[in-house]
Amino acid sequence: MNVKENIKILVIKKPLKLDCGKTINNFPLAYETYGSLNENKDNAILVFHALTGDQFVTGINPITKKDGWWSYAVGPNKSIDTNKYFVICANVIGGCMGSFGPSHKNPDTNKIYGTDFPVITINDMVNAQINLLDHFKIKKLFSVVGGSMGGMQVLQFISNYPDKAITVVPIACTSSHSAQNIAFNELGRQAIASDHNWSDGKYLSNNTLPDKGLSVARMAAHITYLSKKGLQEKFGRKLQERDSLKFGFDADFQIESYLRYQGSVFVDRFDANSYLYITRAMDYFDLVKQFDGNLSHAFKKTKAKFFVISFTSDWLYPTQENKDIVIALNAIGADVGFVEIKSDKGHDSFLLDVPDFLKTLKNFLDKSYLEI
Amino acid sequence: MKTEYKIIVDLIEGKTRVLDVGCDDGTLMESLKKNKDIDARGIEISKDKVQTCVSKGLTVIEGNAEFDLKQFPNDSFDYVILGQTLQAFVNPEIVIRELLRVGKKAIVTIPNFGHWKVRLNLLIKGTMPITESLPNNWYNTPNIHMCTIKDFVKFSKIIKFKIFKSLALTNKNISNINNSNLFYKNLFAELGIFLIEK
């Protein structure tokens, strides 16, 4: 991950006071843009990425050489049409694709931060990214869009900056991380921490990598992104390149081999400490509590038009949790639409080729853009 | 556009906030937005229809009136519309109360089970009536609480809401319903359209 020339960096000079109490300044925020900003500067969409995403939304990711994480939804003539809109996406702080994160050096000690990096929150992430608006001299975004942790950032963004977006699209997300969400994240963190190579987070200084732990974390998380039905249909009990069970602990089943593969490719592109920090940020996310138990208050000041989308087979951020956002918005007479898209692809539906979703997202954005 | 929708559009004052419960493909909402500058919202139970509404630029939430009206505060709309679905609810009384809690006024339309064809159908054939506006069999109809125009008028007295205006739709002709013609309207109207208040 040292191909720095492919990464655009905005150095944020303005001090940012983090929720943990520490203040950071002169820190890098890595970002990418697609399409072009029009003269009125009214066609900008800020996309927020999920846990393991980055700023390379679409096209070929220049670092991993793979398709961008939201290639199905973002691009010319796609749901988020880059012929029409100017798409901006930043790597979250705490991340590992160029933004200020635990793999950076602490200028005070000249050592890699590791777990000395301050704990960051979803609130901190969006407060860092608001600087992009000044950078591009955008007064108001046409839309803020994101799924999963990206959706949490969408909610936090409009709550913090109620007049900075015309439309708001939180997808497959929640306003408050549930015990189950926290539990799965903790499982991932413990997998990393129990890898001997993690060395209390100092692995980069030691020239080792907690590959095994990070890979197990990814495997566990990956299961939560899929549905039981989806897994059953794709893999069932099919065997991996063998005709019969081998009575051992090698990957007999295709699903085992698939998960191992997912784990192994993940460690090539993701930093274990970033995984700890970002999952922590998700766990700390509780917009309901931020507003003393009344989610409606988070949106009281905004006139934005919301569109909430959930998926039938998403059990990680189920429809009801998305609907709670809709309910909070309706309680204050906000402009909110909502649809639950039918899909067997689980939480990952928003990243995949789910035509009803892609069409609905496109329709919402394009129709709303006509009205501004 | 259906005559029923034209009547509803006429009943509604311009520049108001309207919730269309069971907004279907959004035809009525579109007309309200276009012709009366209405701030229109919809609730629709069918995913496909919600998606159609979104493609028309309408603000619609997927939901069920019986459970999802709860989330709206008192008097949050000037009008709430319930078009030909009252008979499909498990508890029409709660739905009417919810409509009148959420809206200052409500417009409720009901397919008239007192229509002479329906009566004749049952009388002659001795089977549950199947007509143009009630095309389902008894075993697959969503309509579990059919009523007549007369029943609805009676209902208003029982659960105490005011009928501000009542119209009958007969062969695309609109007429007023009053106490003296209720018997005939109940026999000949296909649809009753009621503007009601608390």
# chains A, B, ... in the order shown; residues from 1 in each chain; ligands from 1
call {"tool": "closest_atom_pairs", "arguments": {"of": "chain A", "to": "chain B", "cutoff": "6 Å", "atoms": "only C-alpha atoms", "output": "JSON lines"}}
result
{"residue": "A:Ile327", "atom": "CA", "partner": "B:Gln71", "partner_atom": "CA", "distance": 5.4}
{"residue": "A:Asn330", "atom": "CA", "partner": "B:Phe72", "partner_atom": "CA", "distance": 5.7}
{"residue": "A:Ala331", "atom": "CA", "partner": "B:Phe72", "partner_atom": "CA", "distance": 5.2}
{"residue": "A:Gly337", "atom": "CA", "partner": "B:Ile61", "partner_atom": "CA", "distance": 4.7}
{"residue": "A:Phe338", "atom": "CA", "partner": "B:Ile61", "partner_atom": "CA", "distance": 4.3}
{"residue": "A:Val339", "atom": "CA", "partner": "B:Glu62", "partner_atom": "CA", "distance": 5.2}
{"residue": "A:Asn363", "atom": "CA", "partner": "B:Ser55", "partner_atom": "CA", "distance": 4.9}
{"residue": "A:Phe364", "atom": "CA", "partner": "B:Val54", "partner_atom": "CA", "distance": 5.8}
{"residue": "A:Lys367", "atom": "CA", "partner": "B:Gly57", "partner_atom": "CA", "distance": 5.1}
call {"tool": "residues_around", "arguments": {"residues": "Ile130 of chain A", "least_positions_apart": "2", "cutoff": "10 Å", "atoms": "only C-alpha atoms", "output": "count of residues only"}}
result
13
call {"tool": "closest_residue", "arguments": {"among": "B:Leu82, B:Leu167, B:Ile177, B:Leu134", "to": "Pro111 of chain B", "atoms": "only C-alpha atoms"}}
result
B:Leu134
call {"tool": "residues_around", "arguments": {"residues": "Glu39 of chain A", "least_positions_apart": "5", "cutoff": "12 Å", "atoms": "only C-alpha atoms", "output": "PyMOL selection string"}}
result
chain A and resi 44+85-86+136-138
call {"tool": "select_by_dssp", "arguments": {"residues": "segment 75-320 of chain A", "states": "strand (DSSP E)", "output": "ChimeraX atom specification"}}
result
/A:75,80-81,86-90,105-106,111-112,141-147,165-171,305-311
call {"tool": "write_last_selection", "arguments": {"atoms": "C-alpha atoms", "output": "PDB file, in the first residue's frame"}}
result
ATOM      1  CA  GLY A  75     -20.460   5.478 -12.676  1.00  0.00           C
ATOM      2  CA  ILE A  80     -25.264   7.708  -8.997  1.00  0.00           C
ATOM      3  CA  ASP A  81     -24.626   8.951 -12.478  1.00  0.00           C
ATOM      4  CA  PHE A  86     -19.799  15.146  -9.010  1.00  0.00           C
ATOM      5  CA  VAL A  87     -19.087  12.315  -6.597  1.00  0.00           C
ATOM      6  CA  ILE A  88     -16.689  12.813  -3.723  1.00  0.00           C
ATOM      7  CA  CYS A  89     -15.630  10.094  -1.340  1.00  0.00           C
ATOM      8  CA  ALA A  90     -13.040  10.272   1.423  1.00  0.00           C
ATOM      9  CA  LYS A 105       3.668   8.018  12.358  1.00  0.00           C
ATOM     10  CA  ASN A 106       3.136  10.082  15.444  1.00  0.00           C
ATOM     11  CA  LYS A 111       6.828   6.079  15.998  1.00  0.00           C
ATOM     12  CA  ILE A 112       3.879   4.449  14.269  1.00  0.00           C
ATOM     13  CA  LEU A 141     -24.267  19.116  -1.433  1.00  0.00           C
ATOM     14  CA  PHE A 142     -26.980  17.734  -3.645  1.00  0.00           C
ATOM     15  CA  SER A 143     -26.857  14.519  -1.670  1.00  0.00           C
ATOM     16  CA  VAL A 144     -25.148  12.537   1.034  1.00  0.00           C
ATOM     17  CA  VAL A 145     -25.346   8.801   0.390  1.00  0.00           C
ATOM     18  CA  GLY A 146     -23.965   5.737   2.112  1.00  0.00           C
ATOM     19  CA  GLY A 147     -24.712   2.187   3.162  1.00  0.00           C
ATOM     20  CA  ALA A 165     -27.317  18.664   1.879  1.00  0.00           C
ATOM     21  CA  ILE A 166     -30.539  18.736  -0.124  1.00  0.00           C
ATOM     22  CA  THR A 167     -31.122  14.998  -0.121  1.00  0.00           C
ATOM     23  CA  VAL A 168     -30.073  12.351   2.369  1.00  0.00           C
ATOM     24  CA  VAL A 169     -29.908   8.642   1.586  1.00  0.00           C
ATOM     25  CA  PRO A 170     -29.046   6.302   4.464  1.00  0.00           C
ATOM     26  CA  ILE A 171     -28.993   2.695   3.240  1.00  0.00           C
ATOM     27  CA  LYS A 305     -35.373  15.264   1.740  1.00  0.00           C
ATOM     28  CA  PHE A 306     -34.642  11.784   3.094  1.00  0.00           C
ATOM     29  CA  PHE A 307     -34.886   8.439   1.403  1.00  0.00           C
ATOM     30  CA  VAL A 308     -34.252   5.390   3.562  1.00  0.00           C
ATOM     31  CA  ILE A 309     -33.595   2.004   1.982  1.00  0.00           C
ATOM     32  CA  SER A 310     -33.391  -1.396   3.656  1.00  0.00           C
ATOM     33  CA  PHE A 311     -33.227  -4.992   2.408  1.00  0.00           C
TER      34      PHE A 311
END
call {"tool": "closest_residue", "arguments": {"among": "B:Val80, B:Lys125, B:Glu66, B:Leu191", "to": "Ile110 of chain B", "atoms": "only C-alpha atoms"}}
result
B:Leu191
call {"tool": "closest_residue", "arguments": {"among": "B:Ser156, B:Asn64, B:Asn140, B:Thr16", "to": "Lys104 of chain B", "atoms": "only C-alpha atoms"}}
result
B:Thr16
call {"tool": "select_by_dssp", "arguments": {"residues": "segment 67-167 of chain A", "states": "helix (DSSP H, G or I)", "output": "PyMOL selection string"}}
result
chain A and resi 114-116+122-129+131-135+149-160
